[in-house]
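Here's entry.tsv, which has TSV, C-alpha atoms and all ligand atoms:
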```tsv
chain	number	residue	atom	x	y	z
A	1	MET	CA	55.74	16.58	61.74
A	2	PHE	CA	56.66	16.95	65.39
A	3	ALA	CA	59.10	15.51	67.91
A	4	ASP	CA	59.38	15.25	71.69
A	5	LEU	CA	63.05	15.24	72.68
A	6	HIS	CA	62.79	14.97	76.46
A	7	LEU	CA	61.24	11.78	77.84
A	8	HIS	CA	61.85	9.46	80.79
A	9	THR	CA	61.05	5.78	81.36
A	10	GLN	CA	61.31	3.25	84.18
A	11	PHE	CA	65.04	3.12	83.47
A	12	SER	CA	65.32	6.31	85.53
A	13	ASP	CA	62.47	8.04	87.35
A	14	GLY	CA	59.66	7.70	84.81
A	15	THR	CA	56.79	5.26	85.24
A	16	TYR	CA	56.41	4.07	81.62
A	17	SER	CA	58.19	1.09	80.13
A	18	PRO	CA	59.79	1.87	76.74
A	19	GLU	CA	56.88	0.13	75.00
A	20	GLU	CA	54.28	2.15	76.93
A	21	LEU	CA	56.15	5.35	76.13
A	22	VAL	CA	56.24	4.58	72.42
A	23	ALA	CA	52.52	3.69	72.45
A	24	GLN	CA	51.84	7.15	73.91
A	25	ALA	CA	54.06	8.76	71.28
A	26	GLN	CA	52.07	6.96	68.61
A	27	LYS	CA	48.83	8.23	70.12
A	28	HIS	CA	50.16	11.77	69.77
A	29	ALA	CA	51.37	11.07	66.21
A	30	LEU	CA	54.97	12.02	66.96
A	31	ALA	CA	57.40	11.61	64.07
A	32	ALA	CA	60.44	11.32	66.35
A	33	LEU	CA	61.23	10.96	70.03
A	34	ALA	CA	64.33	11.03	72.22
A	35	LEU	CA	64.81	9.03	75.41
A	36	THR	CA	66.62	11.13	78.02
A	37	ASP	CA	66.72	9.11	81.22
A	38	HIS	CA	68.85	10.58	84.03
A	39	ASP	CA	72.49	9.38	84.04
A	40	THR	CA	71.79	6.25	81.99
A	41	VAL	CA	71.31	4.88	78.47
A	42	GLU	CA	69.91	1.58	79.73
A	43	GLY	CA	66.50	2.00	78.08
A	44	CYS	CA	67.74	3.00	74.62
A	45	VAL	CA	67.86	-0.47	73.03
A	46	ARG	CA	64.28	-1.37	73.94
A	47	THR	CA	62.95	2.07	73.08
A	48	ALA	CA	64.68	1.95	69.68
A	49	LEU	CA	63.10	-1.45	68.94
A	50	ALA	CA	59.65	-0.23	69.98
A	51	CYS	CA	60.09	2.91	67.85
A	52	ASP	CA	61.11	0.80	64.83
A	53	ALA	CA	57.98	-1.29	65.18
A	54	ALA	CA	55.83	1.86	65.48
A	55	GLY	CA	57.45	3.72	62.57
A	56	ILE	CA	58.75	6.49	64.87
A	57	GLU	CA	62.28	7.84	64.49
A	58	PHE	CA	64.34	7.17	67.61
A	59	VAL	CA	66.94	9.63	68.88
A	60	SER	CA	69.27	8.10	71.48
A	61	GLY	CA	69.86	10.28	74.51
A	62	THR	CA	70.62	10.78	78.17
A	63	GLU	CA	70.25	13.60	80.71
A	64	LEU	CA	73.49	14.02	82.64
A	65	THR	CA	73.63	15.68	86.06
A	66	ALA	CA	76.22	18.44	86.00
A	67	GLU	CA	77.29	21.30	88.21
A	68	GLN	CA	78.51	24.77	87.37
A	69	ASP	CA	79.32	27.48	89.91
A	70	GLY	CA	77.36	25.64	92.60
A	71	ASN	CA	74.24	25.22	90.43
A	72	GLU	CA	72.90	21.82	89.40
A	73	LEU	CA	72.43	21.70	85.65
A	74	HIS	CA	71.09	18.97	83.39
A	75	ILE	CA	72.87	18.38	80.10
A	76	LEU	CA	71.07	16.44	77.39
A	77	GLY	CA	73.24	14.28	75.13
A	78	TYR	CA	71.60	13.39	71.82
A	79	LEU	CA	72.52	10.89	69.11
A	80	ILE	CA	75.29	9.49	71.28
A	81	ASP	CA	76.83	6.09	70.65
A	82	THR	CA	75.21	4.24	73.57
A	83	GLN	CA	77.94	1.56	73.42
A	84	ASN	CA	80.82	4.04	73.73
A	85	PRO	CA	83.16	2.49	76.35
A	86	ARG	CA	84.14	5.71	78.11
A	87	LEU	CA	80.55	6.93	78.22
A	88	LEU	CA	79.50	3.63	79.78
A	89	THR	CA	82.33	3.76	82.33
A	90	GLU	CA	81.51	7.31	83.36
A	91	ILE	CA	77.78	6.78	83.65
A	92	GLY	CA	78.58	3.58	85.56
A	93	GLN	CA	80.21	5.81	88.17
A	94	PHE	CA	77.09	8.00	88.29
A	95	GLN	CA	75.01	4.88	88.83
A	96	THR	CA	77.22	3.47	91.62
A	97	VAL	CA	77.00	6.81	93.42
A	98	ARG	CA	73.20	6.86	92.95
A	99	GLN	CA	72.90	3.35	94.44
A	100	ASN	CA	75.09	4.27	97.44
A	101	ARG	CA	73.10	7.45	97.82
A	102	VAL	CA	69.86	5.44	98.13
A	103	ARG	CA	71.50	3.42	100.94
A	104	GLU	CA	72.58	6.66	102.65
A	105	MET	CA	69.09	8.21	102.33
A	106	VAL	CA	67.56	5.05	103.80
A	107	ALA	CA	70.12	5.01	106.65
A	108	ARG	CA	69.16	8.58	107.51
A	109	LEU	CA	65.47	7.67	107.45
A	110	ASN	CA	66.16	4.69	109.72
A	111	GLN	CA	67.97	7.01	112.16
A	112	MET	CA	64.75	9.00	112.32
A	113	ASN	CA	62.85	5.79	113.09
A	114	VAL	CA	61.35	5.55	109.62
A	115	PRO	CA	61.72	1.80	109.01
A	116	LEU	CA	62.30	1.76	105.24
A	117	ASP	CA	64.32	-1.10	103.75
A	118	ALA	CA	66.88	-0.19	101.06
A	119	GLU	CA	66.11	-3.44	99.24
A	120	ALA	CA	62.48	-2.34	98.91
A	121	VAL	CA	63.70	0.77	97.08
A	122	PHE	CA	65.98	-1.23	94.76
A	123	THR	CA	63.25	-3.75	94.00
A	124	LEU	CA	60.80	-0.99	93.18
A	125	ALA	CA	63.36	1.00	91.12
A	126	ASN	CA	64.61	-2.04	89.19
A	127	CYS	CA	67.10	0.10	87.25
A	128	ARG	CA	70.73	1.17	87.49
A	129	ALA	CA	70.03	4.86	88.12
A	130	PRO	CA	67.71	4.99	91.16
A	131	GLY	CA	66.88	8.34	92.71
A	132	ARG	CA	64.75	10.24	95.16
A	133	PRO	CA	61.47	9.52	93.35
A	134	HIS	CA	62.04	5.80	93.97
A	135	VAL	CA	62.69	6.42	97.67
A	136	ALA	CA	59.51	8.52	97.77
A	137	ARG	CA	57.47	5.79	96.06
A	138	ALA	CA	58.86	3.15	98.44
A	139	LEU	CA	57.89	5.34	101.42
A	140	VAL	CA	54.33	5.58	100.10
A	141	GLN	CA	54.20	1.86	99.26
A	142	ALA	CA	55.28	1.00	102.84
A	143	SER	CA	52.62	3.43	104.19
A	144	LEU	CA	55.36	5.52	105.80
A	145	CYS	CA	54.19	8.60	103.89
A	146	ALA	CA	50.75	9.43	102.58
A	147	SER	CA	51.97	10.88	99.26
A	148	LEU	CA	55.04	11.54	97.14
A	149	ASP	CA	54.73	15.23	97.99
A	150	GLU	CA	54.82	14.45	101.70
A	151	ALA	CA	57.92	12.26	101.20
A	152	PHE	CA	59.73	15.13	99.44
A	153	GLU	CA	58.53	17.81	101.82
A	154	ARG	CA	59.40	15.93	105.01
A	155	PHE	CA	62.52	14.07	104.00
A	156	LEU	CA	63.90	14.30	100.48
A	157	LYS	CA	63.91	17.90	99.30
A	158	LYS	CA	67.22	19.73	99.26
A	159	ASN	CA	68.42	20.35	102.83
A	160	ARG	CA	65.70	18.13	104.33
A	161	PRO	CA	66.98	15.42	106.74
A	162	ALA	CA	67.27	12.52	104.25
A	163	TRP	CA	68.58	14.61	101.35
A	164	VAL	CA	71.94	13.42	100.04
A	165	PRO	CA	73.77	15.26	97.23
A	166	LYS	CA	74.42	13.47	93.93
A	167	HIS	CA	77.53	12.82	91.89
A	168	LYS	CA	78.04	15.65	89.43
A	169	ILE	CA	80.61	16.50	86.83
A	170	SER	CA	81.19	20.00	85.54
A	171	ALA	CA	79.14	21.21	82.60
A	172	ALA	CA	82.31	21.34	80.48
A	173	GLU	CA	83.19	17.73	81.38
A	174	SER	CA	79.71	16.51	80.50
A	175	ILE	CA	79.79	18.36	77.16
A	176	GLU	CA	83.18	16.81	76.39
A	177	LEU	CA	81.91	13.33	77.32
A	178	ILE	CA	78.87	13.68	75.05
A	179	HIS	CA	81.08	14.84	72.17
A	180	HIS	CA	83.49	11.97	72.83
A	181	ALA	CA	80.51	9.60	72.37
A	182	GLY	CA	79.72	11.30	69.04
A	183	GLY	CA	76.70	13.15	70.41
A	184	VAL	CA	75.28	16.65	70.59
A	185	ALA	CA	75.20	18.51	73.95
A	186	VAL	CA	72.14	20.58	74.89
A	187	MET	CA	71.36	22.55	78.04
A	188	ALA	CA	68.12	21.18	79.53
A	189	HIS	CA	65.24	23.38	80.76
A	190	PRO	CA	67.28	26.57	81.36
A	191	GLY	CA	64.11	28.31	82.53
A	192	LEU	CA	63.92	26.03	85.58
A	193	ASN	CA	67.40	26.94	86.74
A	194	ARG	CA	67.47	30.59	85.73
A	195	THR	CA	71.23	30.51	85.67
A	196	ASP	CA	71.82	32.33	82.41
A	197	GLN	CA	75.23	33.47	83.63
A	198	VAL	CA	76.61	29.95	83.04
A	199	ILE	CA	75.62	29.93	79.34
A	200	PRO	CA	78.64	31.80	77.86
A	201	GLY	CA	81.06	29.41	79.60
A	202	MET	CA	79.14	26.42	78.31
A	203	VAL	CA	79.14	27.84	74.79
A	204	GLU	CA	82.91	28.17	75.13
A	205	ALA	CA	83.04	24.50	76.19
A	206	GLY	CA	81.24	23.51	72.97
A	207	LEU	CA	77.57	23.49	73.95
A	208	ASP	CA	75.58	22.71	70.79
A	209	GLY	CA	72.05	23.63	71.75
A	210	ILE	CA	69.53	24.85	74.28
A	211	GLU	CA	66.13	23.44	75.21
A	212	CYS	CA	63.90	26.40	74.41
A	213	PHE	CA	60.60	24.54	74.60
A	214	HIS	CA	59.73	22.71	77.82
A	215	THR	CA	56.52	22.06	79.74
A	216	LYS	CA	57.60	24.43	82.48
A	217	HIS	CA	58.65	27.25	80.14
A	218	SER	CA	56.07	29.98	79.67
A	219	PRO	CA	55.82	31.48	76.17
A	220	SER	CA	57.96	34.42	77.31
A	221	THR	CA	60.58	32.07	78.79
A	222	SER	CA	60.72	30.18	75.49
A	223	ALA	CA	61.04	33.47	73.61
A	224	HIS	CA	63.88	34.50	75.92
A	225	TYR	CA	65.85	31.30	75.22
A	226	LEU	CA	65.11	31.44	71.48
A	227	GLU	CA	66.78	34.84	71.54
A	228	ILE	CA	69.75	33.38	73.45
A	229	ALA	CA	69.95	30.50	70.92
A	230	GLN	CA	70.16	33.04	68.13
A	231	ARG	CA	72.72	35.17	69.95
A	232	TYR	CA	75.11	32.23	70.50
A	233	SER	CA	74.21	30.28	67.31
A	234	LEU	CA	72.85	27.36	69.34
A	235	LEU	CA	70.54	24.64	68.07
A	236	ILE	CA	66.97	24.73	69.35
A	237	THR	CA	65.36	21.71	71.04
A	238	GLY	CA	62.26	21.01	73.07
A	239	GLY	CA	60.45	18.29	74.93
A	240	SER	CA	57.79	17.58	77.50
A	241	ASP	CA	60.07	16.02	80.20
A	242	CYS	CA	57.31	13.45	80.64
A	243	HIS	CA	57.89	11.15	83.64
A	244	GLY	CA	54.80	9.04	82.92
A	245	ILE	CA	51.93	9.08	85.38
A	246	SER	CA	53.99	9.87	88.50
A	247	LYS	CA	53.00	13.52	88.52
A	248	GLY	CA	49.39	13.27	87.38
A	249	LYS	CA	48.57	13.49	83.69
A	250	PRO	CA	51.37	12.34	81.37
A	251	LEU	CA	53.03	15.31	79.71
A	252	ILE	CA	53.97	13.64	76.43
A	253	GLY	CA	52.35	15.53	73.57
A	254	THR	CA	52.23	18.87	75.41
A	255	VAL	CA	55.41	20.14	73.75
A	256	LYS	CA	55.60	19.65	69.99
A	257	LEU	CA	58.95	20.47	68.47
A	258	PRO	CA	58.84	21.06	64.69
A	259	TYR	CA	60.75	18.24	63.00
A	260	GLU	CA	63.19	20.60	61.23
A	261	HIS	CA	65.05	20.94	64.55
A	262	VAL	CA	65.67	17.18	64.55
A	263	GLU	CA	67.26	17.58	61.11
A	264	ARG	CA	69.60	20.28	62.47
A	265	LEU	CA	70.48	18.01	65.40
A	266	LYS	CA	71.35	15.14	63.05
A	267	GLU	CA	73.55	17.39	60.92
A	268	ARG	CA	75.45	18.51	64.01
A	269	ALA	CA	75.77	14.91	65.22
A	270	SER	CA	77.40	13.90	61.92
A	271	GLU	CA	79.94	16.68	62.42
A	272	ARG	CA	80.54	15.61	66.03
A	273	LYS	CA	80.93	11.97	65.02
A	274	ALA	CA	83.47	12.87	62.34
A	275	ALA	CA	85.43	14.97	64.87
A	276	ALA	CA	85.26	12.18	67.49
A	277	SER	CA	86.63	9.60	65.08
A	278	VAL	CA	89.46	11.94	64.00
A	279	SER	CA	90.48	12.49	67.63
A	280	ALA	CA	90.22	8.72	68.35
A	281	LEU	CA	92.60	8.07	65.43
A	282	ALA	CA	95.00	10.72	66.67
A	283	SER	CA	95.19	9.32	70.20
B	1	LIG	P1	67.32	12.82	91.98
B	1	LIG	O1	67.87	12.80	90.59
B	1	LIG	O2	67.42	11.48	92.64
B	1	LIG	O3	67.84	13.94	92.84
B	1	LIG	O4	65.75	13.07	91.82
B	1	LIG	C1	65.34	14.19	91.09
B	1	LIG	C2	63.95	13.94	90.56
B	1	LIG	O5	63.04	13.98	91.66
B	1	LIG	C3	63.49	15.02	89.61
B	1	LIG	O6	63.78	14.64	88.27
B	1	LIG	C4	62.02	15.04	89.83
B	1	LIG	O7	61.44	14.08	88.97
B	1	LIG	C5	61.83	14.56	91.27
B	1	LIG	N1	61.55	15.63	92.24
B	1	LIG	C6	62.41	16.58	92.68
B	1	LIG	N2	61.81	17.37	93.60
B	1	LIG	C7	60.55	16.89	93.77
B	1	LIG	C8	59.44	17.27	94.57
B	1	LIG	N3	59.51	18.30	95.44
B	1	LIG	N4	58.30	16.54	94.45
B	1	LIG	C9	58.22	15.50	93.60
B	1	LIG	N5	59.24	15.11	92.79
B	1	LIG	C10	60.39	15.79	92.88
B	2	FE	FE	63.41	13.27	86.62
B	3	FE	FE	66.06	17.65	84.16
B	4	ZN	ZN	64.25	15.22	82.45
```

Mind turning this structure into structure tokens?
Amino acid sequence: MFADLHLHTQFSDGTYSPEELVAQAQKHALAALALTDHDTVEGCVRTALACDAAGIEFVSGTELTAEQDGNELHILGYLIDTQNPRLLTEIGQFQTVRQNRVREMVARLNQMNVPLDAEAVFTLANCRAPGRPHVARALVQASLCASLDEAFERFLKKNRPAWVPKHKISAAESIELIHHAGGVAVMAHPGLNRTDQVIPGMVEAGLDGIECFHTKHSPSTSAHYLEIAQRYSLLITGGSDCHGISKGKPLIGTVKLPYEHVERLKERASERKAAASVSALAS
């Protein structure tokens, strides 16, 4: 039995609907999956329903954008209460900033005589957490760029003319928020950031796990983070980070996490939920 604990849908920058995602998971005979859309939990209800119908175990999740020592980090929150009021308020702020950021990116494009309409981006994105991939797709749709790659290379990559930074909270704040919502906090794709120096501080802040298996981790990178997981007694997770068909072949099914790690995650979540309800009673 295998799981994929890192997946995106149309509710952030993936191309699949929840139902399409679950159909793919079924094709790959996954026992469990987690939805980890960027800075949102909007797709969790529909994905859970589709998983129920397909006999797949659903793990609620999100991928929060955080910052530590000037580095952008992604923190996965698993088995969170997706109705938690403070979680919803805080991710609402992320989403407002993302929407304003789209307007700012479009304004910069317009200043460069690229006549993109912000409403075209919002219509295409049709979700609360729009981002650069939606701007890139709108540029291609309006024939203002030939490809998504061109849109990123010319305009949207970091320090390119239409690049606008995102709202970020510190890694410690995002870990605390995930715990507050009864969830388990995991450092996403550490091999992409190569910022191992931030790990001890995150462990101190209560980090529960580390994503050892990821499409972009080579076997030696995975081995490196498995060793780090052991050193700091962190849980082990893994996922494909599938964004649908936006980047060629869908990645779902390329990373198969043994189901025993989902069991460990659920045990930790029960502990976190118990601690969160004790602190809610105390306050
Ligand atoms: P955002 O969260 O709005 O900054 O967008 C980040 C997302 O853009 C990432 O999750 C990737 O899916 C995508 N992305 C970032 N850089 C590139 C690139 N050079 N080409 C294509 N997609 C990219
Ligand atoms: Fe993404
Ligand atoms: Fe990420
Ligand atoms: Zn992701």

| request: Identify, on the basis of all atoms listed in the file, every residue whose closest approach to A:Ala274 does not exceed 8 Å; exclude the query and any residue fewer than 4 positions from it along the same chain; express the result as number ranges by chain. | output: A: 182, 270, 278

Keeping only C-alpha atoms, take the residues you just selected and write them out as a compact mmCIF listing (two decimals), in the coordinates of the input.
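File produced: out09.txt:
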```
# COMPACT_ATOMS: atom_id res chain seq x y z
CA GLY A 182 79.72 11.30 69.04
CA SER A 270 77.40 13.90 61.92
CA VAL A 278 89.46 11.94 64.00
```

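The shortest atom-to-atom distance to ligand LIG 1 (chain B), with only C-alpha atoms and all ligand atoms taken into account, belongs to A:Ala136 out of A:Ala136, A:Ala125, A:Met202, A:Leu226.
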
| task | Quick one: everything within 12 Å of A:Gln24, counting only C-alpha atoms, minus sequence neighbours fewer than 2 positions away in the same chain. Send it as a count of residues only. | result | 28

Name the residues, by chain letter and number, that sit within 6 Å of ligand LIG 1 (chain B) using only C-alpha atoms and all ligand atoms, and give them as an mmCIF file with C-alpha atoms, keeping the file's coordinate frame.
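That gives us result_30.cif:
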```
data_model
loop_
_atom_site.group_PDB
_atom_site.id
_atom_site.type_symbol
_atom_site.label_atom_id
_atom_site.label_comp_id
_atom_site.auth_asym_id
_atom_site.auth_seq_id
_atom_site.Cartn_x
_atom_site.Cartn_y
_atom_site.Cartn_z
ATOM 1 C CA GLY A 131 66.880 8.340 92.710
ATOM 2 C CA ARG A 132 64.750 10.240 95.160
ATOM 3 C CA PRO A 133 61.470 9.520 93.350
ATOM 4 C CA ASP A 149 54.730 15.230 97.990
ATOM 5 C CA PHE A 152 59.730 15.130 99.440
ATOM 6 C CA LYS A 157 63.910 17.900 99.300
#
```

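In this structure, atom CA of A:Leu124 sits 17.3 Å away from atom CA of A:Ala146.
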
Kindly provide the residues of chain A that approach ligand FE 3 (chain B) to within 10 Å, each paired with its closest atom pair and their distance in Å to one decimal, based on only C-alpha atoms and all ligand atoms, listed by chain and increasing number, as JSON lines.
```
{"residue": "A:His6", "atom": "CA", "partner": "B:FE3", "partner_atom": "FE", "distance": 8.8}
{"residue": "A:Leu7", "atom": "CA", "partner": "B:FE3", "partner_atom": "FE", "distance": 9.9}
{"residue": "A:His8", "atom": "CA", "partner": "B:FE3", "partner_atom": "FE", "distance": 9.8}
{"residue": "A:Thr36", "atom": "CA", "partner": "B:FE3", "partner_atom": "FE", "distance": 9.0}
{"residue": "A:Asp37", "atom": "CA", "partner": "B:FE3", "partner_atom": "FE", "distance": 9.1}
{"residue": "A:His38", "atom": "CA", "partner": "B:FE3", "partner_atom": "FE", "distance": 7.6}
{"residue": "A:Glu63", "atom": "CA", "partner": "B:FE3", "partner_atom": "FE", "distance": 6.8}
{"residue": "A:Leu64", "atom": "CA", "partner": "B:FE3", "partner_atom": "FE", "distance": 8.4}
{"residue": "A:Thr65", "atom": "CA", "partner": "B:FE3", "partner_atom": "FE", "distance": 8.0}
{"residue": "A:Glu72", "atom": "CA", "partner": "B:FE3", "partner_atom": "FE", "distance": 9.6}
{"residue": "A:Leu73", "atom": "CA", "partner": "B:FE3", "partner_atom": "FE", "distance": 7.7}
{"residue": "A:His74", "atom": "CA", "partner": "B:FE3", "partner_atom": "FE", "distance": 5.3}
{"residue": "A:Ile75", "atom": "CA", "partner": "B:FE3", "partner_atom": "FE", "distance": 8.0}
{"residue": "A:Leu76", "atom": "CA", "partner": "B:FE3", "partner_atom": "FE", "distance": 8.5}
{"residue": "A:Met187", "atom": "CA", "partner": "B:FE3", "partner_atom": "FE", "distance": 9.5}
{"residue": "A:Ala188", "atom": "CA", "partner": "B:FE3", "partner_atom": "FE", "distance": 6.2}
{"residue": "A:His189", "atom": "CA", "partner": "B:FE3", "partner_atom": "FE", "distance": 6.7}
{"residue": "A:Pro190", "atom": "CA", "partner": "B:FE3", "partner_atom": "FE", "distance": 9.4}
{"residue": "A:Leu192", "atom": "CA", "partner": "B:FE3", "partner_atom": "FE", "distance": 8.8}
{"residue": "A:Asn193", "atom": "CA", "partner": "B:FE3", "partner_atom": "FE", "distance": 9.7}
{"residue": "A:Asp241", "atom": "CA", "partner": "B:FE3", "partner_atom": "FE", "distance": 7.4}
```

Please, could you write that set of residues out with C-alpha atoms as a CSV table (one decimal), keeping the file's coordinate frame?
```csv
chain,number,residue,atom,x,y,z
A,6,HIS,CA,62.8,15.0,76.5
A,7,LEU,CA,61.2,11.8,77.8
A,8,HIS,CA,61.8,9.5,80.8
A,36,THR,CA,66.6,11.1,78.0
A,37,ASP,CA,66.7,9.1,81.2
A,38,HIS,CA,68.8,10.6,84.0
A,63,GLU,CA,70.2,13.6,80.7
A,64,LEU,CA,73.5,14.0,82.6
A,65,THR,CA,73.6,15.7,86.1
A,72,GLU,CA,72.9,21.8,89.4
A,73,LEU,CA,72.4,21.7,85.6
A,74,HIS,CA,71.1,19.0,83.4
A,75,ILE,CA,72.9,18.4,80.1
A,76,LEU,CA,71.1,16.4,77.4
A,187,MET,CA,71.4,22.6,78.0
A,188,ALA,CA,68.1,21.2,79.5
A,189,HIS,CA,65.2,23.4,80.8
A,190,PRO,CA,67.3,26.6,81.4
A,192,LEU,CA,63.9,26.0,85.6
A,193,ASN,CA,67.4,26.9,86.7
A,241,ASP,CA,60.1,16.0,80.2
```

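Of note, atom CA of A:Phe94 and atom CA of A:His167 are spaced 6.0 Å apart.
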
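Comparing the minimum interatomic distances between ligand ZN 4 (chain B) and each of A:Thr123, A:Asp52, A:Ser240, A:Leu234, counting all atoms listed in the file, we find that A:Ser240 sits nearest.
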
Please, which residues in chain A fall within 7 Å of ligand FE 2 (chain B) when counting only C-alpha atoms and all ligand atoms, and what is the closest atom pair and distance in Å to one decimal for each, ordered by chain then residue number, as a tab-separated table?
```
residue	atom	partner	partner_atom	distance
A:Asp13	CA	B:FE2	FE	5.4
A:Gly14	CA	B:FE2	FE	7.0
A:His38	CA	B:FE2	FE	6.6
A:His243	CA	B:FE2	FE	6.6
```

| field | Contact residues around stretch 206-209 of chain A with all atoms listed in the file at 12 Å, ignoring same-chain residues under 3 positions, as an MDAnalysis selection string | value | chainID A and resid 75:78 171:180 183:190 198:203 212:213 225:226 228:238 261:262 264:269 271:272

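Atom pair atom CA of A:Phe155 / atom CA of A:Lys168 has a distance of 21.3 Å (rounded to one decimal).
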
| query | Which of these, A:His214, A:Gly43, A:Ala53, A:Ala142, has the shortest distance to ligand ZN 4 (chain B) once you count only C-alpha atoms and all ligand atoms? | reply | A:His214

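Using only C-alpha atoms, the contacts of A:Ser60 at a cut-off of 9 Å, with sequence neighbours closer than 4 positions omitted, comprise Leu33, Ala34, Leu35, Thr36, Val41, Cys44, Val45, Thr47, Ala48, Gly77, Tyr78, Leu79, Ile80, Asp81 and Thr82 of chain A.
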
| remark: Of A:Thr89, A:Asn100, A:Ser170, A:Thr215, the one nearest to ligand ZN 4 (chain B) when counting only C-alpha atoms and all ligand atoms is A:Thr215

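Nearest to A:Glu57 of all the residues A:Cys145, A:Leu5, A:Cys127, A:Val97 is A:Leu5, based on all atoms listed in the file.
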
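Of the residues under consideration (A:Ser277, A:Gly191, A:Gln141, A:Gly239), A:Gly191 shows the shortest atom-to-atom contact distance to A:Pro219 when counting all atoms listed in the file.
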
Adding 8 Å on each side of the box along x, y and z that holds all listed atoms of stretch 112-121 of chain A, could you give its centre and edge lengths in Å to one decimal, as JSON?
```
{"center_x": 64.1, "center_y": 2.8, "center_z": 105.1, "size_x": 21.5, "size_y": 28.4, "size_z": 32.0}
```

Residue rebuild result stretch 262-273 of chain A, N, CA, C and O atoms as a CSV table (one decimal), in the frame of the given file:
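Written out: selection30.csv:
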```csv
chain,number,residue,atom,x,y,z
A,262,VAL,N,65.0,18.5,64.5
A,262,VAL,CA,65.7,17.2,64.6
A,262,VAL,C,66.7,17.1,63.4
A,262,VAL,O,67.8,16.5,63.6
A,263,GLU,N,66.3,17.6,62.3
A,263,GLU,CA,67.3,17.6,61.1
A,263,GLU,C,68.6,18.3,61.5
A,263,GLU,O,69.6,17.8,61.2
A,264,ARG,N,68.4,19.5,62.1
A,264,ARG,CA,69.6,20.3,62.5
A,264,ARG,C,70.5,19.5,63.5
A,264,ARG,O,71.7,19.5,63.4
A,265,LEU,N,69.8,18.8,64.4
A,265,LEU,CA,70.5,18.0,65.4
A,265,LEU,C,71.3,16.9,64.7
A,265,LEU,O,72.4,16.6,65.1
A,266,LYS,N,70.7,16.3,63.7
A,266,LYS,CA,71.4,15.1,63.0
A,266,LYS,C,72.6,15.6,62.3
A,266,LYS,O,73.6,15.0,62.2
A,267,GLU,N,72.4,16.8,61.7
A,267,GLU,CA,73.6,17.4,60.9
A,267,GLU,C,74.7,17.6,61.9
A,267,GLU,O,75.9,17.3,61.6
A,268,ARG,N,74.4,18.2,63.0
A,268,ARG,CA,75.4,18.5,64.0
A,268,ARG,C,76.1,17.2,64.5
A,268,ARG,O,77.3,17.1,64.7
A,269,ALA,N,75.2,16.2,64.7
A,269,ALA,CA,75.8,14.9,65.2
A,269,ALA,C,76.7,14.3,64.2
A,269,ALA,O,77.8,13.7,64.6
A,270,SER,N,76.5,14.4,62.9
A,270,SER,CA,77.4,13.9,61.9
A,270,SER,C,78.7,14.6,62.0
A,270,SER,O,79.8,14.0,62.0
A,271,GLU,N,78.7,15.9,62.3
A,271,GLU,CA,79.9,16.7,62.4
A,271,GLU,C,80.7,16.2,63.7
A,271,GLU,O,81.9,16.0,63.7
A,272,ARG,N,79.9,16.0,64.8
A,272,ARG,CA,80.5,15.6,66.0
A,272,ARG,C,81.1,14.2,65.9
A,272,ARG,O,82.2,13.9,66.4
A,273,LYS,N,80.4,13.3,65.2
A,273,LYS,CA,80.9,12.0,65.0
A,273,LYS,C,82.2,12.0,64.2
A,273,LYS,O,83.2,11.2,64.5
```
